[in-house]
>>> print(open('query_6.tsv').read())   # TSV, C-alpha atoms
chain	number	residue	atom	x	y	z
A	1	MET	CA	-21.22	-8.48	182.96
A	2	LEU	CA	-23.91	-5.82	182.83
A	3	THR	CA	-27.49	-7.00	183.22
A	4	LEU	CA	-30.32	-4.69	182.19
A	5	PRO	CA	-34.04	-5.34	181.85
A	6	GLN	CA	-35.33	-5.16	178.27
A	7	SER	CA	-37.35	-2.05	179.17
A	8	TYR	CA	-34.15	-0.10	179.95
A	9	VAL	CA	-32.58	-1.10	176.65
A	10	ASP	CA	-35.76	-0.12	174.82
A	11	GLU	CA	-35.81	3.23	176.63
A	12	MET	CA	-32.21	4.04	175.66
A	13	ILE	CA	-32.98	3.25	172.01
A	14	ALA	CA	-36.14	5.34	172.14
A	15	HIS	CA	-34.21	8.26	173.65
A	16	ALA	CA	-31.52	7.97	170.97
A	17	ARG	CA	-34.13	8.03	168.21
A	18	GLU	CA	-36.02	10.98	169.69
A	19	ASP	CA	-32.89	13.11	169.89
A	20	VAL	CA	-31.77	12.52	166.29
A	21	PRO	CA	-29.92	14.32	164.71
A	22	ASN	CA	-28.16	15.00	168.02
A	23	GLU	CA	-26.50	12.56	170.37
A	24	CYS	CA	-28.49	11.72	173.48
A	25	CYS	CA	-27.09	10.94	176.90
A	26	GLY	CA	-28.35	9.63	180.20
A	27	ILE	CA	-27.64	7.69	183.36
A	28	ILE	CA	-28.95	4.45	184.83
A	29	ALA	CA	-28.70	4.10	188.60
A	30	ALA	CA	-28.29	0.80	190.40
A	31	ASP	CA	-29.63	-0.08	193.81
A	32	GLY	CA	-27.52	-1.61	196.59
A	33	ALA	CA	-27.93	-5.06	195.09
A	34	GLY	CA	-26.57	-3.87	191.74
A	35	ALA	CA	-29.92	-4.02	189.92
A	36	ALA	CA	-31.08	-1.21	187.63
A	37	ALA	CA	-33.25	1.15	189.67
A	38	LYS	CA	-33.98	4.16	187.46
A	39	LEU	CA	-33.11	5.63	184.07
A	40	TYR	CA	-32.51	9.36	183.90
A	41	ARG	CA	-32.59	11.12	180.56
A	42	ALA	CA	-30.00	13.90	180.73
A	43	LEU	CA	-29.82	17.19	178.91
A	44	ASN	CA	-27.04	17.25	176.31
A	45	ALA	CA	-25.56	20.73	176.77
A	46	GLU	CA	-23.74	20.39	173.45
A	47	ALA	CA	-26.94	19.70	171.47
A	48	SER	CA	-24.70	18.24	168.80
A	49	PRO	CA	-24.66	15.27	166.43
A	50	TYR	CA	-21.01	14.65	167.35
A	51	ARG	CA	-20.62	15.50	171.03
A	52	TYR	CA	-22.35	15.08	174.33
A	53	ASN	CA	-21.78	16.75	177.66
A	54	VAL	CA	-24.42	16.38	180.33
A	55	ASP	CA	-25.57	19.85	181.31
A	56	PRO	CA	-23.81	20.51	184.66
A	57	LYS	CA	-27.01	21.53	186.47
A	58	ASP	CA	-28.83	18.49	185.15
A	59	LEU	CA	-25.92	16.31	186.25
A	60	LEU	CA	-26.14	17.69	189.79
A	61	ARG	CA	-29.91	17.12	189.83
A	62	ILE	CA	-29.54	13.51	188.72
A	63	TYR	CA	-26.59	12.79	190.96
A	64	ARG	CA	-28.34	14.16	194.04
A	65	ASP	CA	-31.35	11.96	193.38
A	66	ILE	CA	-29.10	8.91	193.00
A	67	ASP	CA	-27.20	9.81	196.17
A	68	ASP	CA	-30.35	10.52	198.19
A	69	ASN	CA	-31.58	7.03	197.36
A	70	ASP	CA	-28.23	5.45	198.24
A	71	TRP	CA	-27.94	4.26	194.66
A	72	ASP	CA	-24.89	4.32	192.43
A	73	VAL	CA	-24.16	5.42	188.89
A	74	MET	CA	-24.24	2.09	187.06
A	75	VAL	CA	-24.50	3.10	183.40
A	76	ILE	CA	-23.60	6.23	181.45
A	77	TYR	CA	-25.19	5.92	178.04
A	78	HIS	CA	-25.06	7.97	174.88
A	79	SER	CA	-25.84	7.53	171.23
A	80	HIS	CA	-23.75	7.52	168.10
A	81	THR	CA	-26.00	8.58	165.26
A	82	HIS	CA	-23.77	7.62	162.34
A	83	THR	CA	-20.96	5.52	163.72
A	84	GLU	CA	-20.59	2.13	165.35
A	85	ALA	CA	-21.32	1.41	169.00
A	86	TYR	CA	-17.70	1.65	170.11
A	87	PRO	CA	-16.06	4.35	172.26
A	88	SER	CA	-14.51	7.07	170.11
A	89	PRO	CA	-11.16	8.65	171.01
A	90	THR	CA	-13.18	11.52	172.53
A	91	ASP	CA	-15.25	9.11	174.61
A	92	THR	CA	-12.11	7.43	175.89
A	93	ARG	CA	-10.25	10.65	176.65
A	94	LEU	CA	-13.12	12.13	178.64
A	95	ALA	CA	-14.20	8.99	180.50
A	96	ALA	CA	-13.93	9.89	184.20
A	97	TRP	CA	-16.09	7.22	185.78
A	98	PRO	CA	-14.03	4.00	185.93
A	99	ASP	CA	-16.65	2.23	188.06
A	100	ALA	CA	-19.48	2.78	185.58
A	101	TYR	CA	-20.43	0.96	182.42
A	102	TYR	CA	-20.39	3.08	179.29
A	103	VAL	CA	-23.23	2.02	177.04
A	104	ILE	CA	-23.37	3.21	173.45
A	105	VAL	CA	-26.48	3.02	171.28
A	106	SER	CA	-25.61	3.12	167.60
A	107	LEU	CA	-28.19	4.21	165.05
A	108	GLU	CA	-25.77	3.70	162.18
A	109	ASP	CA	-28.31	1.24	160.81
A	110	ASP	CA	-31.52	2.90	161.93
A	111	ALA	CA	-33.62	-0.23	161.44
A	112	THR	CA	-31.31	-2.26	163.66
A	113	PRO	CA	-29.93	-0.27	166.60
A	114	VAL	CA	-26.87	-1.78	168.23
A	115	VAL	CA	-26.30	-1.50	171.99
A	116	ARG	CA	-22.92	-2.39	173.50
A	117	ALA	CA	-21.36	-1.93	176.94
A	118	PHE	CA	-17.80	-1.05	177.92
A	119	THR	CA	-15.69	-0.05	180.85
A	120	ILE	CA	-13.10	2.67	180.32
A	121	THR	CA	-10.26	2.90	182.84
A	122	ASP	CA	-7.24	5.15	182.35
A	123	GLY	CA	-7.92	5.30	178.63
A	124	GLU	CA	-8.24	1.54	178.25
A	125	VAL	CA	-11.48	0.28	176.72
A	126	THR	CA	-12.81	-3.16	177.67
A	127	GLU	CA	-15.99	-4.53	176.13
A	128	GLU	CA	-18.35	-6.03	178.69
A	129	GLU	CA	-21.07	-8.56	178.09
A	130	LEU	CA	-24.53	-7.01	178.08
A	131	ALA	CA	-27.19	-9.43	179.30
A	132	VAL	CA	-30.82	-8.46	178.76
A	133	SER	CA	-33.18	-9.88	181.35
B	1	MET	CA	-16.14	23.57	207.86
B	2	ALA	CA	-18.02	22.98	204.66
B	3	GLU	CA	-19.14	19.56	203.54
B	4	VAL	CA	-17.49	18.39	200.33
B	5	ARG	CA	-19.30	15.65	198.43
B	6	VAL	CA	-17.21	13.59	196.08
B	7	THR	CA	-17.71	10.69	193.73
B	8	SER	CA	-15.96	8.33	191.40
B	9	THR	CA	-12.16	8.47	191.63
B	10	LEU	CA	-12.18	11.14	194.37
B	11	ARG	CA	-14.45	9.02	196.53
B	12	THR	CA	-11.94	6.21	196.27
B	13	LEU	CA	-9.13	8.63	197.21
B	14	VAL	CA	-10.80	10.02	200.35
B	15	GLY	CA	-12.60	6.79	201.24
B	16	ALA	CA	-15.99	8.41	201.81
B	17	LYS	CA	-18.87	10.05	199.97
B	18	ALA	CA	-18.35	13.32	201.83
B	19	VAL	CA	-15.53	14.95	203.79
B	20	ASN	CA	-15.18	18.23	205.63
B	21	GLY	CA	-13.08	20.92	204.03
B	22	ASP	CA	-11.64	23.98	205.73
B	23	GLY	CA	-11.35	27.33	203.99
B	24	GLY	CA	-13.21	30.47	203.06
B	25	THR	CA	-13.19	29.90	199.31
B	26	VAL	CA	-13.46	26.91	196.98
B	27	GLY	CA	-9.75	27.22	196.23
B	28	ALA	CA	-8.86	27.19	199.94
B	29	VAL	CA	-11.09	24.20	200.61
B	30	LEU	CA	-9.45	22.27	197.75
B	31	ALA	CA	-6.00	23.19	199.09
B	32	ASP	CA	-7.04	21.88	202.51
B	33	LEU	CA	-8.18	18.60	200.98
B	34	GLU	CA	-4.94	18.32	199.01
B	35	SER	CA	-2.97	18.67	202.25
B	36	ARG	CA	-4.85	15.75	203.78
B	37	TYR	CA	-5.39	13.68	200.64
B	38	PRO	CA	-2.31	14.11	198.45
B	39	GLY	CA	-3.24	13.83	194.79
B	40	PHE	CA	-6.69	15.31	195.29
B	41	LYS	CA	-6.05	18.44	193.25
B	42	ALA	CA	-4.25	16.58	190.49
B	43	GLN	CA	-7.51	14.73	189.81
B	44	ILE	CA	-9.40	17.92	189.11
B	45	SER	CA	-6.92	20.60	188.04
B	46	GLY	CA	-3.88	21.06	185.87
B	47	ASP	CA	-0.35	22.17	186.72
B	48	ASP	CA	-1.50	25.78	186.46
B	49	GLY	CA	-4.01	25.25	189.29
B	50	GLU	CA	-6.99	25.86	187.03
B	51	LEU	CA	-9.82	23.35	187.18
B	52	HIS	CA	-10.08	20.93	184.29
B	53	ARG	CA	-12.80	21.86	181.86
B	54	PHE	CA	-14.47	18.50	182.35
B	55	VAL	CA	-14.83	18.76	186.11
B	56	ASN	CA	-17.91	20.37	187.61
B	57	VAL	CA	-17.65	22.03	191.01
B	58	TYR	CA	-20.76	23.38	192.70
B	59	VAL	CA	-21.41	25.41	195.83
B	60	ASN	CA	-24.85	24.28	196.91
B	61	ASP	CA	-26.88	24.36	193.67
B	62	GLU	CA	-24.63	26.63	191.63
B	63	ASP	CA	-21.85	25.73	189.21
B	64	ILE	CA	-18.83	27.81	190.31
B	65	ARG	CA	-18.14	28.74	186.68
B	66	TYR	CA	-21.10	31.08	187.04
B	67	LEU	CA	-20.04	32.34	190.46
B	68	GLN	CA	-16.45	33.38	191.18
B	69	ALA	CA	-14.75	30.14	190.17
B	70	LEU	CA	-12.07	29.17	192.71
B	71	ASP	CA	-12.62	32.48	194.55
B	72	THR	CA	-16.27	31.61	195.28
B	73	PRO	CA	-16.88	32.08	199.02
B	74	VAL	CA	-17.68	28.96	201.05
B	75	GLY	CA	-19.41	29.13	204.44
B	76	ASP	CA	-19.64	26.50	207.15
B	77	ASP	CA	-23.15	25.54	206.12
B	78	ASP	CA	-22.38	25.27	202.43
B	79	VAL	CA	-22.09	22.05	200.50
B	80	VAL	CA	-19.41	21.76	197.82
B	81	SER	CA	-20.04	19.03	195.25
B	82	ILE	CA	-17.44	17.80	192.79
B	83	LEU	CA	-18.65	15.77	189.83
B	84	PRO	CA	-16.62	14.72	186.82
B	85	ALA	CA	-18.38	15.69	183.61
B	86	LEU	CA	-20.23	13.08	181.66
B	87	ALA	CA	-18.94	13.86	178.23
B	88	GLY	CA	-17.76	12.37	174.98
B	89	GLY	CA	-19.06	11.88	171.51
B	90	ALA	CA	-18.37	10.42	168.12
B	91	GLY	CA	-16.57	13.48	166.81
>>> encode(input="query_6.tsv", output="structure tokens")
Amino acid sequence: MLTLPQSYVDEMIAHAREDVPNECCGIIAADGAGAAAKLYRALNAEASPYRYNVDPKDLLRIYRDIDDNDWDVMVIYHSHTHTEAYPSPTDTRLAAWPDAYYVIVSLEDDATPVVRAFTITDGEVTEEELAVS
Amino acid sequence: MAEVRVTSTLRTLVGAKAVNGDGGTVGAVLADLESRYPGFKAQISGDDGELHRFVNVYVNDEDIRYLQALDTPVGDDDVVSILPALAGGAG
């Protein structure tokens, strides 16, 4: 189960809305106790409504900050602007972080964003419960 | 020897956040790690030896795509970082 404070969920939705028509992406780090410690908005190098790829320099910047704090990558989030909050074949094929939760924010119904969490290991998608604290 | 920082699946393979790698270029350092951690290169490159597109390798602050790729020189005081891309999308 993934537990996130409401403020983190709100921030992911706000980021998704601000980056429309493109997909947004970002990372949430967890501290040693597994609690959310910081949300990093990442630069989508693809700047595309259909793809995301965290800009490699931005990824290094974020990862170093996480590492310097002895945190871990807990959540990798991105938005789907016109499709449901479920990993696409592209998401599944490119998922390289089996220890992280993949969170997808869907703006398919703009008035009612949907946020769901998954783990993706060796191409297998498992939905995980998302608890908002 | 250069410090090689790894994460995710590679961290599990080597059992640490950072290991030392021996070699004068990125390619040589990766070959050294493969010799000590079999399967290391298969995680980040294809059968042709080229790095996967969705793997980022850096020497210090620079992405090696913009340096000399696997031929990028590595000195003893350099830090090599390997990060899988964060990528995907609806389309």
>>> interface_residues(input="query_6.tsv", of="chain B", to="chain A", cutoff="12 Å", atoms="all atoms listed in the file", output="ChimeraX atom specification")
/B:5-12,17-18,43-44,52-66,79-91
>>> closest_residue(input="query_6.tsv", among="A:Ile13, A:Ala33, A:Tyr40, A:Ile28", to="Tyr102 in chain A", atoms="all atoms listed in the file")
A:Ile28
>>> residues_around(input="query_6.tsv", residues="Leu4 in chain A", least_positions_apart="3", cutoff="10 Å", atoms="all atoms listed in the file", output="list in words")
Met1, Ser7, Tyr8, Val9, Ile28, Ala35, Ala36, Ala37, Val75, Leu130, Ala131, Val132 and Ser133 of chain A
>>> residues_around(input="query_6.tsv", residues="range 21-25 of chain B", least_positions_apart="3", cutoff="7 Å", atoms="all atoms listed in the file", output="list in words")
Met1, Ala2, Glu3, Val4, Ala28, Val29, Asp32, Leu33, Leu70, Asp71, Thr72, Pro73, Val74 and Gly75 of chain B
>>> atom_distance(input="query_6.tsv", atom1="CA of Phe118 in chain A", atom2="CA of Val103 in chain A")
6.3 Å
>>> atom_distance(input="query_6.tsv", atom1="CA of Val19 in chain B", atom2="CA of Arg41 in chain A")
29.1 Å
>>> axis_aligned_box(input="query_6.tsv", around="range 40-59 of chain B", padding_each_side="4 Å", output="AutoDock Vina command-line options")
--center_x -10.9 --center_y 20.3 --center_z 188.8 --size_x 29.1 --size_y 19.1 --size_z 22.0
>>> atom_distance(input="query_6.tsv", atom1="CA of Glu34 in chain B", atom2="CA of Gly49 in chain B")
12.0 Å
